[in-house]
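Right, one structure below, let's go through it.
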Amino acid sequence: MATATTFITRGRRVVSSVSRRRFSSSCQNAIQQQQEEKSQPGGGKSLNLYSAINQALHIALETDSRAYVFGEDVSFGGVFRCTTGLADRFGKSRVFNTPLCEQGIVGFGIGLAAMGNRAIAEIQFADYIFPAFDQIVNEAAKFRYRSGNQFNCGGCLLILFIELDEISCDSAGLTIRAPYGAVGHGGHYHSQSPEAFFCHVPGIKVSFFLRELVVIPRSPRQAKGLLLSCIRDPNPVVFFEPKWLYRLSVEEVPEDDYMLPLSEAEVIREGSDITLVGWGAQLSIMEQACIDAEKDGISCELIDLKTLIPWDKETVEVSVKKTGRLLISHEAPVTGGFGAEIAASILDRCFLRVITSCRLLLCLFLSMKKSSLERMLVQPSNHGVPHQRE
Amino acid sequence: MAFASDSDDEQALDFPGGMVSYTSEMRFISESQEKRIPCYRVLDDNGEIINGSDLEPGTSVSKEVAVKMYNDMVTLQMMDNIFYEAQRQGRISFYLTSMGEEAISIASAAALSTEDYILPQYREPGVLLWRGFTIQEFANQLFGNKADYGKGRQMPIHYGSNKLNYITISSPIATQLPQAVGVAYSLKMDKKDACVVTYTGDGGTSEGDFHAALNFAAVTDAPVVFICRNNGWAISTNVSEQFRSDGVVVKGQAYGVRSIRVDGNDALAVYSAIHSARKMAISEQRPVLVEALTYRVGHHSTSDDSTNYCKAIQAAEKTEKPPVSDLFSDVYDVPPSNLREQENQLRETINKYPQDYPSDVPV
C-alpha cells in the first residue's frame with residue numbers, strides 16, 4: 001500500500017501532486033493495488049456504497065485543494081447522504097449548494113474545470129440530467145476539440161516537475177455524478193437509466209482527447225476506486241451511481257486512496273458456456289442468474305463492463321471467442337440501448353466464433369428489473385442460452 | 001377578511017432572505033415601469049461629450065487609448081468589409097460582421113485588463129483585435145488552414161486564443177454564460193485581481209442558460225460582467241417577439257444582479273460603464289449586467305438577408321419601381337447607339353412576352 005500512503009500525505013501542492021497524479025502511472029499502481037486487495041481480502045472497513053462514494057469525495061477534496069463538490073442539496077449531505085460531512089470539513093466555498101438548475105450546474109462546472117480545477121458536480125437524479133444535456137453534449141464533450149486543444153474542461157495542465165526536471169501531466173476536469181436506476185418505488189422520474197444517450201455523442205471517436213467517459217460501478221469498493229479515477233481523469237466524465245445499491249451493497253473497502261482503471265472490464269466470474277455482460281446494479285441480478293444457471297449445469301462467465309465509453313471490447317471479445325455465446329443485460333430500455341452496440345461490435349469481431357446469435361436481455365419496464373431477467377434467462381429460445389432450465 | 005387591524009402594515013414577516021412587511025392593500029406589481037430604464041450615454045448625437053456627463057470618476061480616457069479605440073473600430077469595419085466580400089465571392093463558407101456594434105466590443109475590451117477572461121458569443125472579434133489578434137490570425141481561422149488555432153475544425157468566426165484569455169466560441173447560443181460563472185468562481189477562489197466578461201445578444205437572453213447564469217452568478221457572488229448586445233433583432237425575430245420586459249437590463253434586479261443600460265454606440269459610455277462594472281465585480285465580488293443598446297447595420301450573418309425585416313427597406317419596396325428606361329440612362333451622359341438598340345430590343349421582347357417580365361416595372 002505504499003502508493004496509497006503517498007496519495008494521502010501531501011506536501012506542496014503543485015510539485016508533489018505531479019508524482020501522484022500522473023494518470024498512466026497512477027492507473028498502473030491502482031491495478032497493482034487492486035490485485036493486492038484481491039489477494040488480501042478484508043483490508044478495510046465494511047462500508048455501503050454511498051459511504052464509499054463519500055470516502056472517495058473526502059479523499060478527492062483532501063488531496064487536491066483545487067477540487068470542488070457542488071450540486072443541489074450537497075451541503076447538508078445530499079439526498080442520498082453521499083456528501084455527508086464534506087462542507088463541515090472543507091468549507092462552504094469548496095462544497096456548496098447550487099440553485100435548482102442542472103444546466104447551470106454543468107455549465108458552471110465546465111467553466112470551473114476549464115480553469116484547472118477538479119469540478120465534481122452532482123445531478124440529484126439521473127432522470128434530471130436532461131436539462132444539462134446541451135452543456136454535456138455540445139459543450140463539455142467538445143470543449144477541447146473545438147478549440148484545437150487551447151482550452152479544455154477535463155484538462156491536462158503541463159506542470160514542470162522541478163525536482164526531476166521532467167514535464168508531467170496534472171489533470172483537472174469535470175466529473176458529473178448522478179444516481180441512476182430503479183429501486184422499486186421511484187416511478188418514471190426516479191428510476192431511469194439514461195447512459196445510452198451519453199454514449200452517442202457525435203464526434204466522440206474523432207479524437208482521444210474528446211472522449212467523454214460514462215462509468216458505472218457495481219459495488220462500494222469499485223465505486224470508490226472508479227470515482228477517484230474519474231475525478232482525476234483528464235476528460236469530462238459522467239459517473240452513474242446505482243442508487244439501488246447505495247445502502248444495500250456492503251463490502252470491505254480499503255480506507256486508502258486508490259484508483260481503479262477506467263475502460264477496463266473485469267471478469268467477475270469465469271465460465272465456459274456463455275458470456276454475460278452488464279454494468280452497475282444489474283450485475284447483482286446477473287450474478288444470481290449465473291448461480292441459478294450453474295445448478296442446471298450451465299457455466300456462465302460474467303463481465304462487468306464498468307466503463308461504457310470507451311468500452312473494453314477486447315475483454316468481451318476474448319470471452320465470447322471462448323464461450324461462443326453472448327448475453328447482455330441492462331436496466332435501460334431495449335431500443336437504442338447500449339446492449340445493441342455491444343452486440344453489433346462483438347458480432348462484427350467474432351462472427352465466425354459465435355455459435356449462436358447474441359441475446360439482449362433487457363428491462364422492458366422499470367419494475368420488471370428482476371423478474372424480466374429471470375424469466376427471459378430461463379425462457380426457451382432458439383439461439384440464446386444453451387440449455388433451458390425448465 | 002373577518003379580522004381588522006390597524007397595525008397590520010407595521011408588522012413584518014421574518015422570512016428567509018430578509019424581513020417582509022405586511023400590507024392590507026392588495027396590489028399587484030406592475031408588469032412594467034411607467035418609464036423605460038434610461039440609457040446611459042456620454043456622447044451626444046453629434047459625438048460631442050455631453051456637459052456634466054457622468055464619465056466614471058477617476059476614469060479618463062487617455063489620448064493613446066482613445067486613438068487606439070478609434071483605430072481598432074475602423075480596422076474592424078475594414079476587416080468585416082473584406083471578409084464579407086470574401087464570403088460573397090465564395091472564398092469562405094460563412095461570415096458574420098460586427099457592423100454597427102464595433103463600439104461594444106472595442107470599448108469594453110479597452111476598459112478591461114488582459115488578465116480578464118472573455119467568454120464571447122460571436123460578435124466580439126473586436127475584443128480579440130484589441131488584445132492583439134492579427135488580421136492574419138483571423139484569416140487563418142476563417143479559412144480553416146493549418147495555422148488556425150482551432151485546427152480548422154469549426155465554421156468561420158469561431159475564434160479562440162488561450163494566450164489572449166479568449167475562450168473559443170461555440171455555436172450554441174448562451175451556453176458560455178453559465179460557464180463564465182464557473183470561470184469567475186475560480187478567479188474568486190484564487191483571489192485574482194481579474195474578472196470574467198461574457199457576451200450574448202438579446203435573443204440569447206431567452207435561453208435557459210442566460211437565466212441559469214445570472215442566478216448562479218448572484219448566488220455564488222462571482223466576479224463576472226454580463227454584456228448583452230441588444231440590437232433589437234435575433235436573426236429575423238424582433239425583440240417584441242423575444243420578450244415583453246423593458247429589454248434586458250430589468251432582468252438583472254430579479255436575480256439580485258446590479259445592472260445598467262448603456263448606449264452601445266457610444267464608445268465612451270461603454271468604456272466608462274464596463275470600467276465601473278469591472279471594478280465592482282472585482283472589489284465587491286459580485287456580478288454585473290450591462291445591456292448595451294445598439295444597432296445591427298449588417299445582416300445577422302451571410303445566411304440571412306436583413307432587407308426583409310428592415311422597416312425602412314420595406315417602406316422603400318412599396319414605392320414604385322423605376323421605369324425600364326432608367327436601366328439604360330445615366331450609363332453615359334447620353335445613351336450611345338448600342339444601348340439604344342438594346343433598349344429597343346428589350347421593349348419589343350417585353351411587348352411580345354409581357355407575362356415573363358415584372359408587371360410592376362413601368363415600360
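So you can find residues: chains in the C-alpha cells are A, B, ... in the order shown, residues in each start at 1, and ligands are numbered from 1 in order.
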
Give the strand (DSSP E) residues of segment 109-323 of chain A, as DSSP finds them on the backbone, and put them as a PyMOL selection string. chain A and resi 118-122+156-161+166-171+173-180+213-215+237-242+250-253+266-269+274-278+300-304+307-309

Determine, counting only C-alpha atoms, which protein, DNA and RNA residues have an atom within 12 Å of an atom of Asp88 of chain A; residues of the same chain fewer than 5 positions away are not included. Present the result as an MDAnalysis selection string. chainID A and resid 58 74:77 83 93:96

What are the residues of chain B lining chain A at 6 Å or less? Count only C-alpha atoms, and put the answer as a list in words.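 Written out as asked, the residues are Tyr149, Gly150, Lys151, Asn162, Thr168, Pro178, Gln179, Ala180, Val181, Gly182, Val183, Ser186 and Ala212 of chain B.
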
Could you check which of A:Asp64, A:Glu294, A:Glu331, A:Glu241 is closest to Glu270 of chain A, using only C-alpha atoms?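 Among the listed residues, A:Glu294 lies closest to Glu270 of chain A.
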
Could you pull out all residues of segment 160-259 of chain B with a DSSP call of helix (DSSP H, G or I) and give them as a ChimeraX atom specification? /B:176-189,203-206,208-220,239-242,249-254

Using only C-alpha atoms for the distances, tell me which of B:Asp72, B:Glu124, B:Asp263, B:Glu207 is nearest to Val42 of chain B.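 Of B:Asp72, B:Glu124, B:Asp263, B:Glu207, the one nearest Val42 of chain B is B:Asp263, counting only C-alpha atoms.
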
What is the distance, in Å and to one decimal place, between atom CA of Gln136 of chain B and atom CA of Tyr159 of chain B? 12.3 Å

Hey, what's within 9 Å of Gln282 of chain A if we count only C-alpha atoms and toss same-chain stuff fewer than 3 positions away? As a list in words, please?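 Once the adjacent positions are removed, what remains is Arg218, Pro242, Gly278, Trp279, Ile285, Met286, Glu287, Ser329, His330, Glu331, Lys369 and Lys370 of chain A.
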
Could you tell me how far atom CA of Val224 of chain B sits from atom CA of Arg131 of chain B, in Å to one decimal place?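 Here the two named atoms are 19.1 Å from each other.
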